[in-house]
file structure_30.pdb (PDB, C-alpha atoms, pLDDT in the B column)
MODEL        1
ATOM      1  CA  MET A   3      -5.041  14.276 -26.604  1.00 58.00           C
ATOM      2  CA  GLY A   4      -3.212  10.938 -26.478  1.00 73.00           C
ATOM      3  CA  ARG A   5      -1.683   9.385 -23.383  1.00 88.00           C
ATOM      4  CA  GLN A   6       1.832  10.401 -22.403  1.00 95.00           C
ATOM      5  CA  PHE A   7       4.082   7.343 -22.268  1.00 97.00           C
ATOM      6  CA  TYR A   8       7.341   7.197 -20.331  1.00 98.00           C
ATOM      7  CA  THR A   9      10.237   4.762 -20.017  1.00 98.00           C
ATOM      8  CA  ALA A  10      10.837   3.118 -16.632  1.00 98.00           C
ATOM      9  CA  ARG A  11      14.322   1.608 -16.343  1.00 98.00           C
ATOM     10  CA  LEU A  12      14.934  -0.876 -13.529  1.00 98.00           C
ATOM     11  CA  ARG A  13      17.663   0.382 -11.196  1.00 98.00           C
ATOM     12  CA  ARG A  14      17.274  -2.014  -8.260  1.00 98.00           C
ATOM     13  CA  ARG A  15      15.616  -5.384  -7.681  1.00 98.00           C
ATOM     14  CA  LEU A  16      15.109  -6.984  -4.273  1.00 98.00           C
ATOM     15  CA  LEU A  17      13.573 -10.354  -3.416  1.00 97.00           C
ATOM     16  CA  LEU A  18      11.102  -9.768  -0.582  1.00 97.00           C
ATOM     17  CA  SER A  19       9.869 -13.343  -0.250  1.00 95.00           C
ATOM     18  CA  GLU A  20      11.306 -16.466  -1.836  1.00 94.00           C
ATOM     19  CA  ARG A  21       8.209 -18.476  -0.940  1.00 91.00           C
ATOM     20  CA  ALA A  22       5.786 -15.996  -2.568  1.00 92.00           C
ATOM     21  CA  GLU A  23       8.266 -14.936  -5.275  1.00 94.00           C
ATOM     22  CA  CYS A  24       7.604 -11.316  -4.380  1.00 97.00           C
ATOM     23  CA  PHE A  25       9.943  -8.581  -5.588  1.00 98.00           C
ATOM     24  CA  HIS A  26      10.518  -4.925  -4.752  1.00 98.00           C
ATOM     25  CA  LEU A  27      11.425  -3.080  -7.957  1.00 98.00           C
ATOM     26  CA  GLU A  28      12.842   0.441  -8.130  1.00 98.00           C
ATOM     27  CA  PHE A  29      12.552   2.337 -11.409  1.00 98.00           C
ATOM     28  CA  THR A  30      13.982   5.527 -12.859  1.00 98.00           C
ATOM     29  CA  VAL A  31      11.841   7.508 -15.328  1.00 98.00           C
ATOM     30  CA  GLU A  32      14.321   8.310 -18.074  1.00 94.00           C
ATOM     31  CA  GLU A  33      12.539  11.246 -19.717  1.00 95.00           C
ATOM     32  CA  LEU A  34      11.951  13.214 -16.518  1.00 97.00           C
ATOM     33  CA  GLU A  35      14.061  14.948 -13.895  1.00 97.00           C
ATOM     34  CA  LYS A  36      11.099  14.731 -11.512  1.00 97.00           C
ATOM     35  CA  PHE A  37       8.226  12.249 -11.599  1.00 98.00           C
ATOM     36  CA  ASP A  38       5.292  13.884  -9.844  1.00 96.00           C
ATOM     37  CA  PHE A  39       2.684  11.684  -8.194  1.00 98.00           C
ATOM     38  CA  GLN A  40       0.758  11.519  -4.955  1.00 98.00           C
ATOM     39  CA  PRO A  41       1.303   8.642  -2.505  1.00 98.00           C
ATOM     40  CA  GLY A  42      -1.312   5.952  -3.135  1.00 98.00           C
ATOM     41  CA  GLN A  43      -1.464   6.388  -6.907  1.00 98.00           C
ATOM     42  CA  PHE A  44      -0.583   3.737  -9.498  1.00 98.00           C
ATOM     43  CA  VAL A  45       1.178   3.420 -12.843  1.00 98.00           C
ATOM     44  CA  SER A  46       0.081   1.334 -15.823  1.00 98.00           C
ATOM     45  CA  PHE A  47       2.825  -0.680 -17.504  1.00 98.00           C
ATOM     46  CA  VAL A  48       2.370  -1.620 -21.167  1.00 97.00           C
ATOM     47  CA  ALA A  49       4.077  -4.358 -23.178  1.00 97.00           C
ATOM     48  CA  PRO A  50       3.264  -6.751 -26.048  1.00 95.00           C
ATOM     49  CA  ASP A  51       2.485 -10.340 -25.055  1.00 92.00           C
ATOM     50  CA  PRO A  52       3.892 -13.353 -26.968  1.00 90.00           C
ATOM     51  CA  MET A  53       1.003 -13.057 -29.443  1.00 91.00           C
ATOM     52  CA  GLY A  54       1.904  -9.438 -30.139  1.00 91.00           C
ATOM     53  CA  LYS A  55      -1.145  -8.037 -28.364  1.00 94.00           C
ATOM     54  CA  GLN A  56      -0.489  -4.937 -26.269  1.00 95.00           C
ATOM     55  CA  GLN A  57      -1.172  -5.658 -22.598  1.00 95.00           C
ATOM     56  CA  THR A  58      -1.634  -3.114 -19.809  1.00 96.00           C
ATOM     57  CA  ARG A  59      -1.456  -3.751 -16.082  1.00 96.00           C
ATOM     58  CA  ALA A  60      -1.789  -1.333 -13.183  1.00 96.00           C
ATOM     59  CA  TYR A  61       0.537  -1.480 -10.156  1.00 97.00           C
ATOM     60  CA  SER A  62       0.333   0.677  -7.058  1.00 98.00           C
ATOM     61  CA  ILE A  63       3.397   2.794  -6.395  1.00 98.00           C
ATOM     62  CA  ALA A  64       5.174   1.477  -3.302  1.00 98.00           C
ATOM     63  CA  SER A  65       7.035   4.671  -2.453  1.00 98.00           C
ATOM     64  CA  ALA A  66       6.690   8.380  -1.803  1.00 98.00           C
ATOM     65  CA  PRO A  67       7.880  10.792  -4.522  1.00 97.00           C
ATOM     66  CA  ARG A  68      11.653  11.108  -4.853  1.00 96.00           C
ATOM     67  CA  ALA A  69      13.235  12.777  -7.880  1.00 96.00           C
ATOM     68  CA  ASN A  70      12.391  10.808 -11.033  1.00 98.00           C
ATOM     69  CA  GLN A  71      11.956   7.424  -9.350  1.00 98.00           C
ATOM     70  CA  PHE A  72       9.200   5.136  -8.138  1.00 98.00           C
ATOM     71  CA  ASP A  73       8.939   1.623  -6.661  1.00 98.00           C
ATOM     72  CA  VAL A  74       6.487  -1.221  -7.130  1.00 98.00           C
ATOM     73  CA  CYS A  75       5.860  -4.471  -5.274  1.00 98.00           C
ATOM     74  CA  VAL A  76       4.927  -7.492  -7.404  1.00 97.00           C
ATOM     75  CA  ASN A  77       4.567 -11.212  -6.828  1.00 94.00           C
ATOM     76  CA  ARG A  78       4.644 -13.922  -9.463  1.00 94.00           C
ATOM     77  CA  VAL A  79       1.252 -15.264 -10.527  1.00 91.00           C
ATOM     78  CA  GLU A  80       1.035 -18.595 -12.312  1.00 89.00           C
ATOM     79  CA  GLY A  81       0.162 -17.868 -15.933  1.00 88.00           C
ATOM     80  CA  GLY A  82       0.251 -14.121 -15.303  1.00 89.00           C
ATOM     81  CA  PHE A  83       1.928 -12.433 -18.259  1.00 94.00           C
ATOM     82  CA  PHE A  84       2.719  -9.125 -16.614  1.00 95.00           C
ATOM     83  CA  SER A  85       3.614 -10.386 -13.169  1.00 94.00           C
ATOM     84  CA  ASN A  86       6.103 -12.827 -14.699  1.00 94.00           C
ATOM     85  CA  LEU A  87       7.512 -10.134 -16.994  1.00 97.00           C
ATOM     86  CA  LEU A  88       8.147  -7.826 -14.045  1.00 97.00           C
ATOM     87  CA  CYS A  89       9.488 -10.558 -11.755  1.00 97.00           C
ATOM     88  CA  ASP A  90      11.984 -11.577 -14.437  1.00 96.00           C
ATOM     89  CA  LEU A  91      13.029  -8.020 -15.333  1.00 97.00           C
ATOM     90  CA  GLN A  92      16.735  -7.422 -14.770  1.00 97.00           C
ATOM     91  CA  VAL A  93      18.512  -4.256 -13.668  1.00 98.00           C
ATOM     92  CA  GLY A  94      19.050  -2.005 -16.696  1.00 98.00           C
ATOM     93  CA  GLN A  95      16.038  -3.285 -18.600  1.00 98.00           C
ATOM     94  CA  SER A  96      13.078  -0.986 -19.214  1.00 98.00           C
ATOM     95  CA  LEU A  97       9.321  -0.922 -19.763  1.00 97.00           C
ATOM     96  CA  GLU A  98       6.897   1.672 -21.023  1.00 97.00           C
ATOM     97  CA  PHE A  99       4.227   3.018 -18.713  1.00 98.00           C
ATOM     98  CA  HIS A 100       1.706   5.802 -18.347  1.00 97.00           C
ATOM     99  CA  GLY A 101       0.504   7.547 -15.229  1.00 97.00           C
ATOM    100  CA  PRO A 102       0.308   8.375 -12.440  1.00 98.00           C
ATOM    101  CA  HIS A 103      -3.375   7.536 -12.027  1.00 97.00           C
ATOM    102  CA  GLY A 104      -5.800   6.912  -9.185  1.00 97.00           C
ATOM    103  CA  LEU A 105      -7.687   8.532  -6.341  1.00 96.00           C
ATOM    104  CA  PHE A 106      -6.560   6.290  -3.471  1.00 98.00           C
ATOM    105  CA  LEU A 107      -5.106   9.318  -1.695  1.00 98.00           C
ATOM    106  CA  LEU A 108      -4.754  10.606   1.844  1.00 97.00           C
ATOM    107  CA  ARG A 109      -7.663  12.921   2.560  1.00 95.00           C
ATOM    108  CA  ALA A 110      -7.043  16.519   3.608  1.00 92.00           C
ATOM    109  CA  PRO A 111      -6.937  17.643   6.296  1.00 91.00           C
ATOM    110  CA  LEU A 112      -5.042  14.630   7.595  1.00 94.00           C
ATOM    111  CA  THR A 113      -6.777  12.803  10.448  1.00 94.00           C
ATOM    112  CA  ASP A 114      -5.964   9.861  12.676  1.00 95.00           C
ATOM    113  CA  SER A 115      -5.888   6.997  10.176  1.00 97.00           C
ATOM    114  CA  ILE A 116      -6.000   3.219  10.017  1.00 98.00           C
ATOM    115  CA  PHE A 117      -4.108   1.739   7.048  1.00 98.00           C
ATOM    116  CA  ILE A 118      -5.367  -1.790   6.309  1.00 98.00           C
ATOM    117  CA  ALA A 119      -3.646  -4.109   3.828  1.00 98.00           C
ATOM    118  CA  THR A 120      -3.109  -7.705   2.821  1.00 96.00           C
ATOM    119  CA  GLY A 121      -0.559  -9.127   0.402  1.00 94.00           C
ATOM    120  CA  THR A 122       0.828  -6.678  -2.148  1.00 95.00           C
ATOM    121  CA  GLY A 123      -1.887  -4.253  -1.029  1.00 97.00           C
ATOM    122  CA  ILE A 124       0.889  -3.084   1.290  1.00 98.00           C
ATOM    123  CA  ALA A 125       2.425  -1.142  -1.636  1.00 98.00           C
ATOM    124  CA  PRO A 126       0.435   2.116  -1.383  1.00 98.00           C
ATOM    125  CA  MET A 127       0.641   1.946   2.419  1.00 98.00           C
ATOM    126  CA  ARG A 128       4.431   1.993   2.161  1.00 98.00           C
ATOM    127  CA  GLY A 129       4.051   5.121   0.029  1.00 98.00           C
ATOM    128  CA  PHE A 130       1.805   6.729   2.639  1.00 98.00           C
ATOM    129  CA  VAL A 131       4.216   5.918   5.473  1.00 98.00           C
ATOM    130  CA  GLU A 132       7.278   7.154   3.551  1.00 98.00           C
ATOM    131  CA  HIS A 133       5.412  10.393   2.833  1.00 98.00           C
ATOM    132  CA  LEU A 134       4.238  10.962   6.411  1.00 98.00           C
ATOM    133  CA  PHE A 135       7.479   9.873   8.134  1.00 98.00           C
ATOM    134  CA  PRO A 136      10.306  10.587   5.676  1.00 97.00           C
ATOM    135  CA  ASP A 137      13.802   9.396   6.569  1.00 94.00           C
ATOM    136  CA  ASP A 138      15.218  12.731   5.414  1.00 91.00           C
ATOM    137  CA  GLY A 139      12.810  15.607   5.713  1.00 88.00           C
ATOM    138  CA  GLU A 140      10.136  17.060   7.915  1.00 93.00           C
ATOM    139  CA  ASP A 141       7.540  14.828   9.586  1.00 96.00           C
ATOM    140  CA  ARG A 142       4.224  15.352   7.762  1.00 97.00           C
ATOM    141  CA  SER A 143       2.040  13.371  10.165  1.00 97.00           C
ATOM    142  CA  GLN A 144       1.043  16.484  12.158  1.00 95.00           C
ATOM    143  CA  GLY A 145       0.997  14.340  15.293  1.00 95.00           C
ATOM    144  CA  ARG A 146      -1.944  12.299  14.005  1.00 95.00           C
ATOM    145  CA  ARG A 147      -2.078   8.691  15.153  1.00 96.00           C
ATOM    146  CA  ILE A 148      -1.429   6.303  12.275  1.00 98.00           C
ATOM    147  CA  TRP A 149      -2.088   2.569  12.563  1.00 98.00           C
ATOM    148  CA  LEU A 150      -0.910   0.092   9.939  1.00 98.00           C
ATOM    149  CA  VAL A 151      -2.709  -3.260  10.119  1.00 98.00           C
ATOM    150  CA  TYR A 152      -1.168  -5.874   7.820  1.00 97.00           C
ATOM    151  CA  GLY A 153      -2.425  -9.400   7.281  1.00 95.00           C
ATOM    152  CA  THR A 154      -0.937 -12.276   5.311  1.00 93.00           C
ATOM    153  CA  ARG A 155      -1.086 -16.046   5.387  1.00 91.00           C
ATOM    154  CA  HIS A 156       2.528 -16.803   6.288  1.00 90.00           C
ATOM    155  CA  GLU A 157       5.333 -15.042   8.135  1.00 91.00           C
ATOM    156  CA  SER A 158       7.427 -15.077   4.940  1.00 91.00           C
ATOM    157  CA  GLU A 159       4.874 -12.751   3.308  1.00 92.00           C
ATOM    158  CA  LEU A 160       5.219  -9.866   5.776  1.00 95.00           C
ATOM    159  CA  TYR A 161       6.673  -7.555   3.146  1.00 97.00           C
ATOM    160  CA  TYR A 162       8.707  -4.519   4.312  1.00 97.00           C
ATOM    161  CA  GLU A 163       8.456  -5.710   7.916  1.00 96.00           C
ATOM    162  CA  ASP A 164      11.861  -4.327   8.950  1.00 97.00           C
ATOM    163  CA  TYR A 165      10.986  -0.897   7.530  1.00 98.00           C
ATOM    164  CA  PHE A 166       7.636  -0.643   9.306  1.00 98.00           C
ATOM    165  CA  GLU A 167       9.117  -1.933  12.569  1.00 97.00           C
ATOM    166  CA  ARG A 168      11.835   0.726  12.357  1.00 98.00           C
ATOM    167  CA  ILE A 169       9.324   3.542  11.789  1.00 98.00           C
ATOM    168  CA  ALA A 170       7.148   2.265  14.644  1.00 98.00           C
ATOM    169  CA  ALA A 171      10.180   2.217  16.947  1.00 98.00           C
ATOM    170  CA  SER A 172      11.181   5.781  16.066  1.00 97.00           C
ATOM    171  CA  GLN A 173       7.765   7.469  15.780  1.00 97.00           C
ATOM    172  CA  ALA A 174       5.515   7.627  18.836  1.00 97.00           C
ATOM    173  CA  ASN A 175       2.375   8.147  16.722  1.00 97.00           C
ATOM    174  CA  PHE A 176       2.899   5.246  14.272  1.00 98.00           C
ATOM    175  CA  PHE A 177       1.700   1.772  15.239  1.00 98.00           C
ATOM    176  CA  TYR A 178       2.388  -1.388  13.223  1.00 98.00           C
ATOM    177  CA  SER A 179       0.239  -4.472  13.805  1.00 97.00           C
ATOM    178  CA  LYS A 180       0.430  -7.726  11.863  1.00 96.00           C
ATOM    179  CA  THR A 181      -1.622 -10.887  11.871  1.00 94.00           C
ATOM    180  CA  LEU A 182      -1.246 -14.246  10.114  1.00 93.00           C
ATOM    181  CA  SER A 183      -4.089 -16.462   8.950  1.00 90.00           C
ATOM    182  CA  ARG A 184      -1.905 -19.579   8.501  1.00 89.00           C
ATOM    183  CA  PRO A 185       0.996 -19.183  10.957  1.00 87.00           C
ATOM    184  CA  ARG A 186       3.628 -21.821  11.560  1.00 85.00           C
ATOM    185  CA  ASN A 187       3.813 -23.621  14.854  1.00 86.00           C
ATOM    186  CA  GLY A 188       5.626 -21.381  17.272  1.00 85.00           C
ATOM    187  CA  TRP A 189       4.341 -18.081  15.852  1.00 88.00           C
ATOM    188  CA  GLU A 190       3.797 -15.869  18.894  1.00 88.00           C
ATOM    189  CA  GLY A 191       2.080 -12.953  17.170  1.00 88.00           C
ATOM    190  CA  ARG A 192      -1.551 -12.341  16.291  1.00 90.00           C
ATOM    191  CA  ARG A 193      -3.521 -14.989  14.415  1.00 92.00           C
ATOM    192  CA  GLY A 194      -6.586 -14.397  12.299  1.00 91.00           C
ATOM    193  CA  TYR A 195      -7.790 -11.726   9.919  1.00 92.00           C
ATOM    194  CA  VAL A 196      -7.140  -8.003   9.725  1.00 95.00           C
ATOM    195  CA  GLN A 197     -10.740  -6.962  10.428  1.00 94.00           C
ATOM    196  CA  GLU A 198     -10.458  -8.433  13.935  1.00 94.00           C
ATOM    197  CA  LEU A 199      -7.553  -6.104  14.710  1.00 95.00           C
ATOM    198  CA  VAL A 200      -9.234  -3.195  12.943  1.00 96.00           C
ATOM    199  CA  GLU A 201     -12.338  -3.577  15.070  1.00 95.00           C
ATOM    200  CA  GLU A 202     -10.234  -3.422  18.246  1.00 95.00           C
ATOM    201  CA  ILE A 203      -8.327  -0.318  17.098  1.00 95.00           C
ATOM    202  CA  ALA A 204     -11.448   1.501  15.911  1.00 95.00           C
ATOM    203  CA  ALA A 205     -13.343   0.729  19.112  1.00 92.00           C
ATOM    204  CA  GLU A 206     -10.437   1.871  21.278  1.00 92.00           C
ATOM    205  CA  HIS A 207     -10.055   5.043  19.196  1.00 92.00           C
ATOM    206  CA  ALA A 208     -13.741   5.826  19.745  1.00 89.00           C
ATOM    207  CA  ARG A 209     -13.327   5.351  23.496  1.00 87.00           C
ATOM    208  CA  GLN A 210     -10.246   7.566  23.689  1.00 84.00           C
ATOM    209  CA  SER A 211     -11.466  10.285  21.356  1.00 78.00           C
ATOM    210  CA  ALA A 212     -13.360  13.300  22.595  1.00 59.00           C
ATOM    211  CA  VAL A 213     -14.978  13.656  19.164  1.00 54.00           C
ATOM    212  CA  ASP A 214     -17.571  11.277  17.759  1.00 51.00           C
ATOM    213  CA  PRO A 215     -16.206   9.657  14.546  1.00 51.00           C
ATOM    214  CA  ARG A 216     -19.392  10.670  12.740  1.00 49.00           C
ATOM    215  CA  PRO A 217     -19.955  14.284  11.702  1.00 48.00           C
ATOM    216  CA  ILE A 218     -22.529  16.117  13.787  1.00 43.00           C
ATOM    217  CA  ASP A 219     -23.809  19.541  12.735  1.00 46.00           C
ATOM    218  CA  GLY A 220     -21.146  19.846  10.062  1.00 51.00           C
ATOM    219  CA  ALA A 221     -18.241  18.622  12.214  1.00 52.00           C
ATOM    220  CA  VAL A 222     -15.419  16.969  10.313  1.00 71.00           C
ATOM    221  CA  TYR A 223     -14.390  13.329  10.647  1.00 85.00           C
ATOM    222  CA  ASN A 224     -11.662  12.669  13.171  1.00 90.00           C
ATOM    223  CA  VAL A 225     -10.547   9.325  11.733  1.00 94.00           C
ATOM    224  CA  HIS A 226     -10.352   7.630   8.320  1.00 96.00           C
ATOM    225  CA  ALA A 227      -9.571   4.104   7.140  1.00 98.00           C
ATOM    226  CA  TYR A 228      -7.597   3.309   3.988  1.00 98.00           C
ATOM    227  CA  ILE A 229      -7.987  -0.278   2.755  1.00 98.00           C
ATOM    228  CA  CYS A 230      -6.108  -2.045  -0.052  1.00 98.00           C
ATOM    229  CA  GLY A 231      -6.367  -5.717  -0.939  1.00 95.00           C
ATOM    230  CA  LEU A 232      -8.631  -8.313  -2.450  1.00 93.00           C
ATOM    231  CA  ASN A 233     -12.347  -7.634  -2.649  1.00 94.00           C
ATOM    232  CA  GLU A 234     -13.315 -10.082   0.111  1.00 95.00           C
ATOM    233  CA  MET A 235     -10.972  -8.421   2.610  1.00 96.00           C
ATOM    234  CA  VAL A 236     -12.045  -4.919   1.599  1.00 97.00           C
ATOM    235  CA  ALA A 237     -15.714  -5.841   2.017  1.00 97.00           C
ATOM    236  CA  ALA A 238     -15.108  -7.458   5.425  1.00 96.00           C
ATOM    237  CA  ASN A 239     -13.380  -4.352   6.771  1.00 97.00           C
ATOM    238  CA  ARG A 240     -15.936  -1.966   5.337  1.00 97.00           C
ATOM    239  CA  ASP A 241     -18.706  -4.005   6.986  1.00 97.00           C
ATOM    240  CA  CYS A 242     -16.782  -4.046  10.266  1.00 96.00           C
ATOM    241  CA  LEU A 243     -16.363  -0.257  10.338  1.00 96.00           C
ATOM    242  CA  LYS A 244     -19.918   0.441   9.225  1.00 95.00           C
ATOM    243  CA  GLY A 245     -21.044  -1.799  12.078  1.00 94.00           C
ATOM    244  CA  LEU A 246     -19.193   0.540  14.431  1.00 93.00           C
ATOM    245  CA  GLY A 247     -21.082   3.527  13.051  1.00 91.00           C
ATOM    246  CA  TRP A 248     -18.545   4.766  10.518  1.00 94.00           C
ATOM    247  CA  GLU A 249     -19.867   6.516   7.423  1.00 92.00           C
ATOM    248  CA  ARG A 250     -19.007   5.674   3.841  1.00 92.00           C
ATOM    249  CA  LYS A 251     -16.847   8.764   3.290  1.00 92.00           C
ATOM    250  CA  GLN A 252     -14.568   7.778   6.154  1.00 95.00           C
ATOM    251  CA  ILE A 253     -13.605   4.552   4.387  1.00 96.00           C
ATOM    252  CA  ILE A 254     -11.331   4.884   1.356  1.00 97.00           C
ATOM    253  CA  PHE A 255     -10.468   1.664  -0.468  1.00 97.00           C
ATOM    254  CA  GLU A 256      -8.824   0.142  -3.510  1.00 96.00           C
ATOM    255  CA  ARG A 257      -9.422  -3.414  -4.695  1.00 93.00           C
ATOM    256  CA  TYR A 258      -7.076  -5.272  -7.003  1.00 85.00           C
ATOM    257  CA  ASP A 259      -9.187  -8.238  -8.103  1.00 73.00           C
TER     258      ASP A 259
ENDMDL
END

call {"tool": "encode", "arguments": {"input": "structure_30.pdb", "output": "structure tokens"}}
result
Amino acid sequence: MGRQFYTARLRRRLLLSERAECFHLEFTVEELEKFDFQPGQFVSFVAPDPMGKQQTRAYSIASAPRANQFDVCVNRVEGGFFSNLLCDLQVGQSLEFHGPHGLFLLRAPLTDSIFIATGTGIAPMRGFVEHLFPDDGEDRSQGRRIWLVYGTRHESELYYEDYFERIAASQANFFYSKTLSRPRNGWEGRRGYVQELVEEIAAEHARQSAVDPRPIDGAVYNVHAYICGLNEMVAANRDCLKGLGWERKQIIFERYD
């Protein structure tokens, strides 16, 4: 059976960062009344390059399911065919895609969770947060504590900052932490890398929790980490958590390099 291809028409385009040339793109799937996917999954766009060769590129969905729509977050990459194609796409234009694909999904039953992202790795985390704390609909977080730890180089690359700050202000069990590795003079927030913050959160969670994070005699995990970013960052956070006694199955990750 061949792949099912769909048409994604751009309905909205927002510039998230002029410095990083990062865009938030909202698409409508023309053939469907409802586009079913799970938060954390990705779509694969397809298009011919200037040589006529069909190119495919995967992008994490940056939203929770809503009707026949989905969002992506993309930044321009020098010499990158697909990133430039998407960044230059105008409202009303369309692309073919297939999907959804991927197993970067929230584990059931939901536990306390640490979401860890850098750069455009924030995309699936936005989907998770929209799903757990919808603006219109019932809270799906079940009272679990959810931490989002986001790291970038510069303040201008803190994508969706206003959204995450708003959710953190309105939800007592959602915590948003950000850190910059190359902050400007005068930056008063955290400096450094995400794994430093993650280690603090995980250690504090272990102290506060009545249940050991590791399963004993068949007990279930009481906390998971979800990591999305470049391989070096993913590896650093996995090593950090393993050093605290976490097991492999507690750490769910997706690399995009």

call {"tool": "residues_around", "arguments": {"input": "structure_30.pdb", "residues": "Leu97 of chain A", "least_positions_apart": "5", "cutoff": "9 Å", "atoms": "all atoms listed in the file", "output": "ChimeraX atom specification"}}
result
/A:8-12,47-49

call {"tool": "residues_around", "arguments": {"input": "structure_30.pdb", "residues": "Val131 of chain A", "least_positions_apart": "5", "cutoff": "12 Å", "atoms": "all atoms listed in the file", "output": "VMD selection string"}}
result
chain A and resid 41 to 42 64 to 67 108 115 to 117 124 to 126 136 to 137 141 to 143 147 to 150 162 165 to 170 173 175 to 178

call {"tool": "closest_residue", "arguments": {"input": "structure_30.pdb", "among": "A:Val74, A:Val93, A:Cys230, A:Leu88", "to": "Val151 of chain A", "atoms": "all atoms listed in the file"}}
result
A:Cys230

call {"tool": "residues_around", "arguments": {"input": "structure_30.pdb", "residues": "segment 69-72 of chain A", "least_positions_apart": "5", "cutoff": "8 Å", "atoms": "all atoms listed in the file", "output": "tab-separated table (two decimals) with C-alpha atoms, keeping the file's coordinate frame"}}
result
chain	number	residue	atom	x	y	z
A	28	GLU	CA	12.84	0.44	-8.13
A	29	PHE	CA	12.55	2.34	-11.41
A	30	THR	CA	13.98	5.53	-12.86
A	31	VAL	CA	11.84	7.51	-15.33
A	32	GLU	CA	14.32	8.31	-18.07
A	34	LEU	CA	11.95	13.21	-16.52
A	35	GLU	CA	14.06	14.95	-13.90
A	36	LYS	CA	11.10	14.73	-11.51
A	37	PHE	CA	8.23	12.25	-11.60
A	38	ASP	CA	5.29	13.88	-9.84
A	63	ILE	CA	3.40	2.79	-6.40
A	64	ALA	CA	5.17	1.48	-3.30

call {"tool": "residues_around", "arguments": {"input": "structure_30.pdb", "residues": "Ser46 of chain A", "least_positions_apart": "2", "cutoff": "7 Å", "atoms": "all atoms listed in the file", "output": "compact mmCIF listing (two decimals) with C-alpha atoms, keeping the file's coordinate frame"}}
result
# COMPACT_ATOMS: atom_id res chain seq x y z
CA PHE A 44 -0.58 3.74 -9.50
CA VAL A 48 2.37 -1.62 -21.17
CA THR A 58 -1.63 -3.11 -19.81
CA ARG A 59 -1.46 -3.75 -16.08
CA ALA A 60 -1.79 -1.33 -13.18
CA TYR A 61 0.54 -1.48 -10.16
CA PHE A 99 4.23 3.02 -18.71
CA HIS A 100 1.71 5.80 -18.35
CA GLY A 101 0.50 7.55 -15.23

call {"tool": "closest_residue", "arguments": {"input": "structure_30.pdb", "among": "A:Ala208, A:Leu112, A:Cys75, A:Val200", "to": "Asp241 of chain A", "atoms": "only C-alpha atoms"}}
result
A:Val200

call {"tool": "atom_distance", "arguments": {"input": "structure_30.pdb", "atom1": "atom CA of Gly81 of chain A", "atom2": "atom CA of Glu234 of chain A"}}
result
22.4 Å

call {"tool": "closest_residue", "arguments": {"input": "structure_30.pdb", "among": "A:His156, A:Ile118, A:Arg13, A:Arg68", "to": "Gly94 of chain A", "atoms": "all atoms listed in the file"}}
result
A:Arg13

call {"tool": "resolve_selection", "arguments": {"input": "structure_30.pdb", "expression": "the PyMOL selection byres ((chain A and resi 160) around 10)", "output": "JSON, numbers by chain"}}
result
{"A": [18, 19, 120, 121, 122, 124, 152, 153, 154, 155, 156, 157, 158, 159, 161, 162, 163, 164, 180, 181, 182]}

call {"tool": "atom_distance", "arguments": {"input": "structure_30.pdb", "atom1": "atom CA of Ala227 of chain A", "atom2": "atom CA of Gln252 of chain A"}}
result
6.3 Å

call {"tool": "atom_distance", "arguments": {"input": "structure_30.pdb", "atom1": "atom CA of Ala22 of chain A", "atom2": "atom CA of Gln197 of chain A"}}
result
22.9 Å

call {"tool": "closest_residue", "arguments": {"input": "structure_30.pdb", "among": "A:Asn187, A:Gln144, A:Gln6, A:Gln210", "to": "Glu33 of chain A", "atoms": "all atoms listed in the file"}}
result
A:Gln6

call {"tool": "residues_around", "arguments": {"input": "structure_30.pdb", "residues": "Ile253 of chain A", "least_positions_apart": "5", "cutoff": "12 Å", "atoms": "all atoms listed in the file", "output": "ChimeraX atom specification"}}
result
/A:106-109,115-118,215-216,223,225-230,236-237,239-244,247-248

call {"tool": "residues_near_point", "arguments": {"input": "structure_30.pdb", "point": "(-6.4, -6.7, -9.2)", "cutoff": "10 Å", "atoms": "only C-alpha atoms", "output": "PyMOL selection string"}}
result
chain A and resi 59-61+123+231-233+256-259

call {"tool": "closest_residue", "arguments": {"input": "structure_30.pdb", "among": "A:Gly82, A:Glu202, A:Gln56, A:Glu98", "to": "Phe7 of chain A", "atoms": "all atoms listed in the file"}}
result
A:Glu98

call {"tool": "closest_residue", "arguments": {"input": "structure_30.pdb", "among": "A:Ala119, A:Glu20, A:His26, A:Leu134", "to": "Ser179 of chain A", "atoms": "all atoms listed in the file"}}
result
A:Ala119
